[in-house]
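Engineer: Supplied in structure tokens, the structure appears directly below.
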Amino acid sequence: MSYYLAALDITFDWINYRNNMSSPLALNTQCFHCGDACDADEHVIEEKKFCCLGCKTVYEILNENGLCDYYDLEQMPGISLKSQAESHQFDYLQSDTIQRKLHSFQSDSKNIVTFHIPVIHCSSCIWLLENLSSLVKGVLFTRVHFTNKELTVYYNPGELSMVDLVKYLVKLGYAPLITLADKPKKGKRNVGHLLYLKIGIAGFCFGNIMLLAFPEYLGFEGVDTQLQTFFGYLSAFLSLPVMYAASDYLVSAYKGIKHRYFNIDIPISLGILTLFLRSAYEVITTTGVGYFDSLAGLIFFLLIGRWFQNKTYQELSFERDYKSYFPLAVDKMEGIMIKPVQVSLLEPGDEIIIKNNELIPADSVLLSKSANIDYSFVTGESMPDHRKEGDYIYAGGRQKGTSIRLRVEKPISQSYLTQLWNNEAFQKNAVGHQTLIDKISKYFTFVIIGIAFAALLSWYWIDTTQMVLVFTSVLIVACPCALALSVPFTLGNTLRAMGRSGLYLKNASIIEVMSKLTHIVLDKTGTITHGDKTKITYEGTQLSENDKQVVKSMVLHSTHPLSKMLADYLGDIKEVTLDAYMEQAGKGLQAFYDGLEYQVGSGEFIGVETNEKATGTKVYISKLDRLLGVFEIANSYRRGLKQVIAKLQSFLKLTILSGDNDAEKQTLKDQYAVTNVVFDKKPEEKLEFLKELSDDGEITMMLGDGLNDAGALQQSDVGIVVADNVNNFTPASDGILDAKAFDKLPAFIALSKSSTRIIYASFALSFLYNVVGLTFAVSGLLTPVLAAILMPLSSITIVLFTTFMVNLSARRLNLGK
Amino acid sequence: MNIIVMLILISVVVALTFLGAFYWAVKSGQFDDTDSPSVRMLMDDKKPRSKS
């Protein structure tokens with residue numbers, strides 16, 4: 001039962017994953033709260049160092065309330081507050097309609113609400129959230145559902161409003177994910193219940209029927225025939241609930257036949273039904289006790305296989321409805337009042353306010369002076385678009401910076417964004433992909449029925465009394481239970497091995513696609529380079545405060561990634577109004593302030609000699625044609641990139657696809673030996689590029705950063721998000737790759753290949769069993785005892801074989817532990 | 001011989017009782033979340049001290 005134990009620790013993989021993500025590589029100072037690396041001694045309390053003000057605040061709150069056990073249960077359990085949502089984004093929860101939707105119970109003194117909180121990851125989280133009542137006045141009781149990452153809060157609406165509750169959770173770092181899509185989840189949970197119940201029933205009957213079949217196993221001859229009949233009927237009675245437990249297979253097989261679609265459940269059901277009917281016949285005619293024990297055992301093992309499969313997928317499921325990306329409500333202007341309304345109630349002509357980082361829900365016209373819209377979520381590269389008053393703004397953009405006012409032009413359902421998501425490219429693999437196992441089972445059924453009839457015919461000449469027995473024996477023993485188990489166990493184990501190393505796939509069928517890859521496409525920024533940790537150094541004359549202000553204001557206007565990096569680097573500096581501003585795309589910026597001319601840009605643009613030997617990108621600054629200094633921005637590629645590329649190129653075609661200008665093209669070609677480098681591609685062109693590849697018959701894998709390459713990720717056969725942050729995913733992707741595991745990419749592909757080989761090997765193994773079983777069956781020697789031994793044995797061997805082989809190949813590839 | 005029949009029937013009834021108990025456990029949600037209770041029982045009962 002080693003697979004049973006193996007299944008139990010899946011849950012904690014996620015925890016390990018989370019811990020791996022936050023544990024820094026070096027021995028740098030770690031934040032006492034979240035474990036992120038922190039450089040400065042800026043935030044220190046009692047020798048405990050914190051990476052940011054947010055973490056420090058949480059510690060202070062907990063310390064004040066005597067809740068520091070939080071830090072004793074796990075090391076550095078906290079959630080980094082750096083990338084948290086801003087609490088004002090939850091103001092829309094004041095709306096009554098929304099509150100009614102979210103609460104499961106409401107009264108004057110007690111409200112019950114359940115939040116989905118994706119960051120729940122350890123026992124400290126459970127402890128803190130379940131002790132919320134001693135922290136927040138008005139909270140009566142809280143309960144965590146760890147597996148679903150849900151928190152149920154009972155609170156007194158008289159003392160605490162829902163908005164304050166959510167804001168408090170955000171402050172602690174436990175920002176709930178509130179979406180429309182969360183609602184219809186309730187019915188789903190019963191499916192899990194039912195499976196547990198069915199396993200229990202099948203196991204119960206299996207044990208009891210085996211007990212009754214014992215005399216038969218031991219081969220007691222002169223057993224009282226009356227007693228034998230009684231045992232037979234009792235077994236038959238006990239097998240009725242087993243048939244209920246097997247109903248899923250029977251129903252699925254029925255549906256398959258009805259829709260003329262072959263699935264593995266058809267031969268399984270055939271076997272189950274034959275077992276049952278034949279056994280019932282034997283009992284009624286008192287010719288034997290039947291095979292009820294084999295039947296119950298078979299279904300018990302099949303259900304355990306299914307449970308394992310579900311458990312694995314549950315841990316890894318992250319696909320969300322696209323609605324999740326719309327904020328539930330938006331601030332609407334009503335006269336001079338601002339009121340939160342539900343997005344679906346927005347009508348053309350409504351005036352709405354969009355705050356920093358909020359999505360624009362509908363196509364609208366900008367009423368504010370200017371806006372900086374980031375379309376990265378919809379299209380690709382994260383270069384914010386600058387928009388002016390009166391400009392038309394498409395839905396799906398995200399405002400960066402100050403709040404803006406918009407007038408809605410189109411109702412939400414007709415918006416471009418919805419169309420984009422409803423785009424055919426987003427419905428990937430819905431039908432077309434027929435899984436390997438279904439293909440095999442199609443032939444399997446025909447072959448088995450063929451053999452059964454052949455046996456029937458040959459026994460017609462040998463011994464007509466044995467005819468039916470042989471016919472049914474063939475169908476019984478050929479039941480492809482081992483076949484049905486090999487795929488979920490192999491792929492399940494592969495998913496787990498990949499998960500332990502940092503690749504999280506949406507579902508198992510992706511492994512199959514991955515094993516057939518022919519072309520891999522990598523995005524540049526954020527995928528093969530570090531996203532945030534860009535090193536910027538300044539050399540030259542010390543910039544005055546005034547100069548800094550001007551430079552900052554200039555780069556803020558530009559959409560070039562380098563400008564963005566510089567803007568981040570310069571930090572919180574007050575903007576000034578520039579007199580004139582002009583940008584030469586890809587070259588530099590020019591502006592006048594106070595009558596003085598400023599230039600920021602490449603050496604060529606400024607007119608200085610450049611040292612081409614440098615690896616980084618340089619941005620020069622000049623004032624009145626006099627060079628002030630130079631910012632050197634290191635293009636920091638991920639560790640081991642060269643080896644990864646070399647390895648991948650040894651068996652795949654590889655393309656680096658980027659929206660950036662081709663400054664780095666030569667470096668990539670020379671230093672990293674990349675054969676195909678395609679630069680200057682707009683997001684739509686990226687999508688087009690991948691489309692062309694698949695039209696050429698290539699099976700593509702695209703790696704992109706976060707939400708930026710949504711379209712291209714969807715278009716590819718396997719779209720993988722490279723994430724520095726756990727919560728950074730898109731519905732378009734098939735998987736998340738932990739950025740730290742980037743160097744293991746070739747190993748992941750190799751593992752997917754070997755897992756397909758393992759599936760084939762276990763198919764061979766289970767066919768071998770079938771050959772042995774069929775030999776017995778065809779020669780009329782299949783006794784109940786033999787069936788009882790052979791059938792579970794084949795299932796267990798397959799399970800052990802696949803588990804062992806996958807873990808072995810994972811270890812050989814240095815994946816897994 | 002009848003005594004064996006009796007005994008087996010009784011044992012089946014006993015076993016069915018346990019099956020019933022299992023059914024009740026599943027239906028009442030004891031298998032909903034198999035992770036947090038295992039952690040929860042290890043936490044100290046000590047109530048966090050209230051604000052002073």
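Residue numbering restarts at 1 in every chain; chains get A, B, ... in the order shown in the structure tokens, and ligands count up from 1 in that same order.
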Based on only C-alpha atoms, which of the residues in chain A come within 10 Å of chain B? I want them as a PDB file with N, CA and C atoms, in the first residue's frame.
Structural biologist:
ATOM      1  N   LEU A   8      -0.641  10.512   0.534  1.00  0.00           N
ATOM      2  CA  LEU A   8      -0.921  11.360   1.686  1.00  0.00           C
ATOM      3  C   LEU A   8      -0.049  12.600   1.770  1.00  0.00           C
ATOM      4  N   THR A  11      -0.376  16.820  -0.201  1.00  0.00           N
ATOM      5  CA  THR A  11      -0.859  18.073   0.351  1.00  0.00           C
ATOM      6  C   THR A  11       0.286  18.967   0.777  1.00  0.00           C
ATOM      7  N   PHE A  12       1.298  18.317   1.309  1.00  0.00           N
ATOM      8  CA  PHE A  12       2.354  19.122   1.888  1.00  0.00           C
ATOM      9  C   PHE A  12       3.378  19.565   0.858  1.00  0.00           C
ATOM     10  N   GLU A  64       1.564  42.712  20.087  1.00  0.00           N
ATOM     11  CA  GLU A  64       0.704  43.476  20.984  1.00  0.00           C
ATOM     12  C   GLU A  64      -0.422  42.607  21.545  1.00  0.00           C
ATOM     13  N   ASN A  65      -0.885  41.663  20.744  1.00  0.00           N
ATOM     14  CA  ASN A  65      -2.006  40.833  21.160  1.00  0.00           C
ATOM     15  C   ASN A  65      -1.574  39.468  21.689  1.00  0.00           C
ATOM     16  N   GLY A  66      -0.298  39.320  21.928  1.00  0.00           N
ATOM     17  CA  GLY A  66       0.184  38.053  22.473  1.00  0.00           C
ATOM     18  C   GLY A  66      -0.020  36.889  21.529  1.00  0.00           C
ATOM     19  N   LEU A  67       0.092  37.143  20.243  1.00  0.00           N
ATOM     20  CA  LEU A  67      -0.132  36.067  19.279  1.00  0.00           C
ATOM     21  C   LEU A  67       1.176  35.615  18.620  1.00  0.00           C
ATOM     22  N   CYS A  68       2.290  35.796  19.345  1.00  0.00           N
ATOM     23  CA  CYS A  68       3.571  35.485  18.709  1.00  0.00           C
ATOM     24  C   CYS A  68       3.847  33.986  18.600  1.00  0.00           C
ATOM     25  N   ASP A  69       2.931  33.164  19.108  1.00  0.00           N
ATOM     26  CA  ASP A  69       3.031  31.723  18.853  1.00  0.00           C
ATOM     27  C   ASP A  69       3.083  31.460  17.362  1.00  0.00           C
ATOM     28  N   LEU A  73       5.370  28.176  15.631  1.00  0.00           N
ATOM     29  CA  LEU A  73       4.880  26.977  14.962  1.00  0.00           C
ATOM     30  C   LEU A  73       5.669  26.678  13.691  1.00  0.00           C
ATOM     31  N   CYS A 122       0.523  27.073   5.878  1.00  0.00           N
ATOM     32  CA  CYS A 122       1.200  26.307   6.922  1.00  0.00           C
ATOM     33  C   CYS A 122       0.360  26.299   8.200  1.00  0.00           C
ATOM     34  N   SER A 123       0.873  25.588   9.184  1.00  0.00           N
ATOM     35  CA  SER A 123       0.096  25.478  10.413  1.00  0.00           C
ATOM     36  C   SER A 123       0.000  26.820  11.138  1.00  0.00           C
ATOM     37  N   SER A 124       0.995  27.677  10.945  1.00  0.00           N
ATOM     38  CA  SER A 124       0.908  28.996  11.556  1.00  0.00           C
ATOM     39  C   SER A 124      -0.272  29.781  11.000  1.00  0.00           C
ATOM     40  N   ILE A 126      -3.076  28.532   9.931  1.00  0.00           N
ATOM     41  CA  ILE A 126      -4.284  28.008  10.550  1.00  0.00           C
ATOM     42  C   ILE A 126      -4.426  28.600  11.943  1.00  0.00           C
ATOM     43  N   TRP A 127      -3.310  28.594  12.672  1.00  0.00           N
ATOM     44  CA  TRP A 127      -3.342  29.051  14.044  1.00  0.00           C
ATOM     45  C   TRP A 127      -3.778  30.511  14.130  1.00  0.00           C
ATOM     46  N   GLU A 130      -7.388  31.101  12.964  1.00  0.00           N
ATOM     47  CA  GLU A 130      -8.401  30.571  13.870  1.00  0.00           C
ATOM     48  C   GLU A 130      -8.403  31.303  15.208  1.00  0.00           C
ATOM     49  N   ASN A 131      -7.376  32.108  15.430  1.00  0.00           N
ATOM     50  CA  ASN A 131      -7.372  32.941  16.628  1.00  0.00           C
ATOM     51  C   ASN A 131      -7.746  34.383  16.311  1.00  0.00           C
ATOM     52  N   SER A 134      -9.535  36.780  18.823  1.00  0.00           N
ATOM     53  CA  SER A 134      -8.890  37.519  19.892  1.00  0.00           C
ATOM     54  C   SER A 134      -8.140  38.727  19.341  1.00  0.00           C
ATOM     55  N   LEU A 135      -8.143  38.864  18.055  1.00  0.00           N
ATOM     56  CA  LEU A 135      -7.393  39.940  17.418  1.00  0.00           C
ATOM     57  C   LEU A 135      -8.330  41.042  16.926  1.00  0.00           C
ATOM     58  N   ARG A 143     -12.816  29.434  11.203  1.00  0.00           N
ATOM     59  CA  ARG A 143     -12.395  28.069  10.918  1.00  0.00           C
ATOM     60  C   ARG A 143     -11.712  28.017   9.557  1.00  0.00           C
ATOM     61  N   VAL A 144     -10.585  27.304   9.506  1.00  0.00           N
ATOM     62  CA  VAL A 144      -9.838  27.205   8.257  1.00  0.00           C
ATOM     63  C   VAL A 144     -10.097  25.855   7.609  1.00  0.00           C
ATOM     64  N   HIS A 145     -10.336  25.867   6.331  1.00  0.00           N
ATOM     65  CA  HIS A 145     -10.369  24.630   5.554  1.00  0.00           C
ATOM     66  C   HIS A 145      -9.084  24.618   4.747  1.00  0.00           C
ATOM     67  N   PHE A 146      -8.128  23.852   5.229  1.00  0.00           N
ATOM     68  CA  PHE A 146      -6.777  23.945   4.677  1.00  0.00           C
ATOM     69  C   PHE A 146      -6.706  23.517   3.214  1.00  0.00           C
ATOM     70  N   THR A 147      -7.318  22.382   2.916  1.00  0.00           N
ATOM     71  CA  THR A 147      -7.208  21.835   1.562  1.00  0.00           C
ATOM     72  C   THR A 147      -7.766  22.797   0.519  1.00  0.00           C
ATOM     73  N   ASN A 148      -8.919  23.384   0.845  1.00  0.00           N
ATOM     74  CA  ASN A 148      -9.519  24.319  -0.102  1.00  0.00           C
ATOM     75  C   ASN A 148      -8.988  25.722   0.063  1.00  0.00           C
ATOM     76  N   LYS A 149      -8.121  25.934   1.056  1.00  0.00           N
ATOM     77  CA  LYS A 149      -7.599  27.253   1.380  1.00  0.00           C
ATOM     78  C   LYS A 149      -8.736  28.248   1.596  1.00  0.00           C
ATOM     79  N   ARG A 189     -18.299  19.849  -3.927  1.00  0.00           N
ATOM     80  CA  ARG A 189     -17.636  19.158  -2.826  1.00  0.00           C
ATOM     81  C   ARG A 189     -18.242  17.772  -2.573  1.00  0.00           C
ATOM     82  N   ASN A 190     -19.524  17.620  -2.895  1.00  0.00           N
ATOM     83  CA  ASN A 190     -20.175  16.340  -2.645  1.00  0.00           C
ATOM     84  C   ASN A 190     -19.565  15.203  -3.450  1.00  0.00           C
ATOM     85  N   GLY A 192     -16.475  14.603  -3.874  1.00  0.00           N
ATOM     86  CA  GLY A 192     -15.435  14.038  -3.033  1.00  0.00           C
ATOM     87  C   GLY A 192     -16.010  13.119  -1.975  1.00  0.00           C
ATOM     88  N   HIS A 193     -17.095  13.570  -1.331  1.00  0.00           N
ATOM     89  CA  HIS A 193     -17.785  12.753  -0.332  1.00  0.00           C
ATOM     90  C   HIS A 193     -18.138  11.391  -0.890  1.00  0.00           C
ATOM     91  N   LEU A 194     -18.770  11.456  -2.076  1.00  0.00           N
ATOM     92  CA  LEU A 194     -19.277  10.238  -2.685  1.00  0.00           C
ATOM     93  C   LEU A 194     -18.158   9.247  -2.944  1.00  0.00           C
ATOM     94  N   LEU A 195     -17.028   9.761  -3.379  1.00  0.00           N
ATOM     95  CA  LEU A 195     -15.919   8.866  -3.688  1.00  0.00           C
ATOM     96  C   LEU A 195     -15.434   8.162  -2.420  1.00  0.00           C
ATOM     97  N   TYR A 196     -15.293   8.926  -1.343  1.00  0.00           N
ATOM     98  CA  TYR A 196     -14.889   8.323  -0.068  1.00  0.00           C
ATOM     99  C   TYR A 196     -15.886   7.226   0.321  1.00  0.00           C
ATOM    100  N   LEU A 197     -17.151   7.562   0.161  1.00  0.00           N
ATOM    101  CA  LEU A 197     -18.203   6.632   0.534  1.00  0.00           C
ATOM    102  C   LEU A 197     -18.119   5.353  -0.295  1.00  0.00           C
ATOM    103  N   LYS A 198     -17.901   5.537  -1.598  1.00  0.00           N
ATOM    104  CA  LYS A 198     -17.852   4.379  -2.480  1.00  0.00           C
ATOM    105  C   LYS A 198     -16.646   3.505  -2.174  1.00  0.00           C
ATOM    106  N   GLY A 200     -15.224   3.244   0.716  1.00  0.00           N
ATOM    107  CA  GLY A 200     -15.559   2.576   1.973  1.00  0.00           C
ATOM    108  C   GLY A 200     -16.453   1.372   1.737  1.00  0.00           C
ATOM    109  N   ILE A 201     -17.488   1.567   0.955  1.00  0.00           N
ATOM    110  CA  ILE A 201     -18.432   0.484   0.691  1.00  0.00           C
ATOM    111  C   ILE A 201     -17.748  -0.665  -0.036  1.00  0.00           C
ATOM    112  N   PHE A 204     -15.391  -2.469   2.282  1.00  0.00           N
ATOM    113  CA  PHE A 204     -16.171  -3.247   3.253  1.00  0.00           C
ATOM    114  C   PHE A 204     -16.654  -4.553   2.627  1.00  0.00           C
ATOM    115  N   CYS A 205     -17.267  -4.446   1.467  1.00  0.00           N
ATOM    116  CA  CYS A 205     -17.810  -5.634   0.815  1.00  0.00           C
ATOM    117  C   CYS A 205     -16.693  -6.575   0.378  1.00  0.00           C
ATOM    118  N   ASN A 208     -15.577  -8.572   3.426  1.00  0.00           N
ATOM    119  CA  ASN A 208     -16.568  -9.534   3.885  1.00  0.00           C
ATOM    120  C   ASN A 208     -16.791 -10.678   2.907  1.00  0.00           C
ATOM    121  N   LEU A 212     -16.158 -14.818   3.259  1.00  0.00           N
ATOM    122  CA  LEU A 212     -17.116 -15.865   2.911  1.00  0.00           C
ATOM    123  C   LEU A 212     -16.547 -16.821   1.859  1.00  0.00           C
ATOM    124  N   ASP A 224     -20.812 -28.538   3.391  1.00  0.00           N
ATOM    125  CA  ASP A 224     -22.259 -28.619   3.305  1.00  0.00           C
ATOM    126  C   ASP A 224     -22.778 -27.795   2.125  1.00  0.00           C
ATOM    127  N   GLN A 226     -25.710 -26.845   1.534  1.00  0.00           N
ATOM    128  CA  GLN A 226     -26.668 -25.850   2.016  1.00  0.00           C
ATOM    129  C   GLN A 226     -25.928 -24.589   2.442  1.00  0.00           C
ATOM    130  N   LEU A 227     -24.835 -24.844   3.175  1.00  0.00           N
ATOM    131  CA  LEU A 227     -24.030 -23.733   3.656  1.00  0.00           C
ATOM    132  C   LEU A 227     -23.413 -22.973   2.474  1.00  0.00           C
ATOM    133  N   PHE A 230     -25.896 -20.765   1.014  1.00  0.00           N
ATOM    134  CA  PHE A 230     -26.105 -19.619   1.892  1.00  0.00           C
ATOM    135  C   PHE A 230     -24.986 -18.596   1.694  1.00  0.00           C
ATOM    136  N   PHE A 231     -23.743 -19.070   1.673  1.00  0.00           N
ATOM    137  CA  PHE A 231     -22.593 -18.185   1.447  1.00  0.00           C
ATOM    138  C   PHE A 231     -22.716 -17.488   0.097  1.00  0.00           C
ATOM    139  N   LEU A 234     -25.321 -14.785   0.279  1.00  0.00           N
ATOM    140  CA  LEU A 234     -24.848 -13.679   1.104  1.00  0.00           C
ATOM    141  C   LEU A 234     -23.835 -12.834   0.312  1.00  0.00           C
ATOM    142  N   LEU A 238     -24.060  -8.981  -0.705  1.00  0.00           N
ATOM    143  CA  LEU A 238     -23.034  -7.993  -0.385  1.00  0.00           C
ATOM    144  C   LEU A 238     -22.459  -7.316  -1.632  1.00  0.00           C
TER     145      LEU A 238
END
Engineer: Might you pull out every residue within 12 Å of Ala452 of chain A, with only C-alpha atoms counted and same-chain residues fewer than 5 positions away left off, and present them as a list in words?
Structural biologist: Gly271, Thr445, Phe446, Val447, Leu457, Ser458, Trp459, Met467, Val468, Leu469, Val470, Phe471, Thr472, Ser473, Val474, Leu475, Ile476, Val477, Ala478, Leu774, Thr775, Ala777, Val778, Ser779 and Gly780 of chain A
Engineer: Store the residues of this selection in a file with C-alpha atoms, as an mmCIF file, in the first residue's frame.
Structural biologist:
data_model
loop_
_atom_site.group_PDB
_atom_site.id
_atom_site.type_symbol
_atom_site.label_atom_id
_atom_site.label_comp_id
_atom_site.auth_asym_id
_atom_site.auth_seq_id
_atom_site.Cartn_x
_atom_site.Cartn_y
_atom_site.Cartn_z
ATOM 1 C CA GLY A 271 -15.707 -7.125 -17.267
ATOM 2 C CA THR A 445 -12.152 -4.080 -26.549
ATOM 3 C CA PHE A 446 -12.295 -5.375 -30.074
ATOM 4 C CA VAL A 447 -9.418 -7.781 -29.529
ATOM 5 C CA LEU A 457 -16.361 -21.275 -31.180
ATOM 6 C CA SER A 458 -13.434 -23.580 -30.491
ATOM 7 C CA TRP A 459 -15.049 -24.930 -27.340
ATOM 8 C CA MET A 467 -18.592 -23.054 -23.810
ATOM 9 C CA VAL A 468 -20.285 -20.278 -21.851
ATOM 10 C CA LEU A 469 -17.872 -20.644 -18.951
ATOM 11 C CA VAL A 470 -14.872 -20.055 -21.189
ATOM 12 C CA PHE A 471 -16.536 -17.174 -22.973
ATOM 13 C CA THR A 472 -17.244 -15.343 -19.758
ATOM 14 C CA SER A 473 -13.864 -16.249 -18.261
ATOM 15 C CA VAL A 474 -12.150 -14.471 -21.121
ATOM 16 C CA LEU A 475 -14.195 -11.329 -20.577
ATOM 17 C CA ILE A 476 -13.570 -11.452 -16.833
ATOM 18 C CA VAL A 477 -9.854 -11.935 -16.864
ATOM 19 C CA ALA A 478 -9.272 -9.481 -19.680
ATOM 20 C CA LEU A 774 -6.326 -15.452 -21.109
ATOM 21 C CA THR A 775 -4.376 -18.664 -21.476
ATOM 22 C CA ALA A 777 -9.428 -18.643 -19.426
ATOM 23 C CA VAL A 778 -9.286 -20.003 -22.961
ATOM 24 C CA SER A 779 -8.211 -23.410 -21.730
ATOM 25 C CA GLY A 780 -11.134 -23.417 -19.296
#
Engineer: Point out the residue among A:Gly54, A:Pro215, A:Gly502, A:Gly588 with the least atom-to-atom distance to Phe742 of chain A, counting only C-alpha atoms.
Structural biologist: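 Closest candidate: A:Gly502.
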Engineer: Within 9 Å of Gly78 of chain A, counting only C-alpha atoms, which residues show up once you throw out same-chain ones fewer than 4 positions away? Write them as an MDAnalysis selection string, please.
Structural biologist: chainID A and resid 32:35 55 58 70:71 124:125 172:173
Engineer: Give me, as a list in words, all polymer residues having an atom no more than 6 Å from Asn372 of chain A, counting only C-alpha atoms and skipping those fewer than 5 positions away in the same chain.
Structural biologist: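 Surrounding residues, per the criterion: Pro384, Asp385, His386, Gln399 and Lys400 of chain A.
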Engineer: Going by DSSP on the backbone, which bits of chain B are helix (DSSP H, G or I)? Write them as a ChimeraX atom specification, please.
Structural biologist: /B:2-27,36-40
Engineer: When you draw a straight line from atom CA of Lys548 of chain A to atom CA of Cys51 of chain A, how long is it in Å?
Structural biologist: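 Interatomic distance, atom CA of Lys548 of chain A to atom CA of Cys51 of chain A: 26.2 Å.
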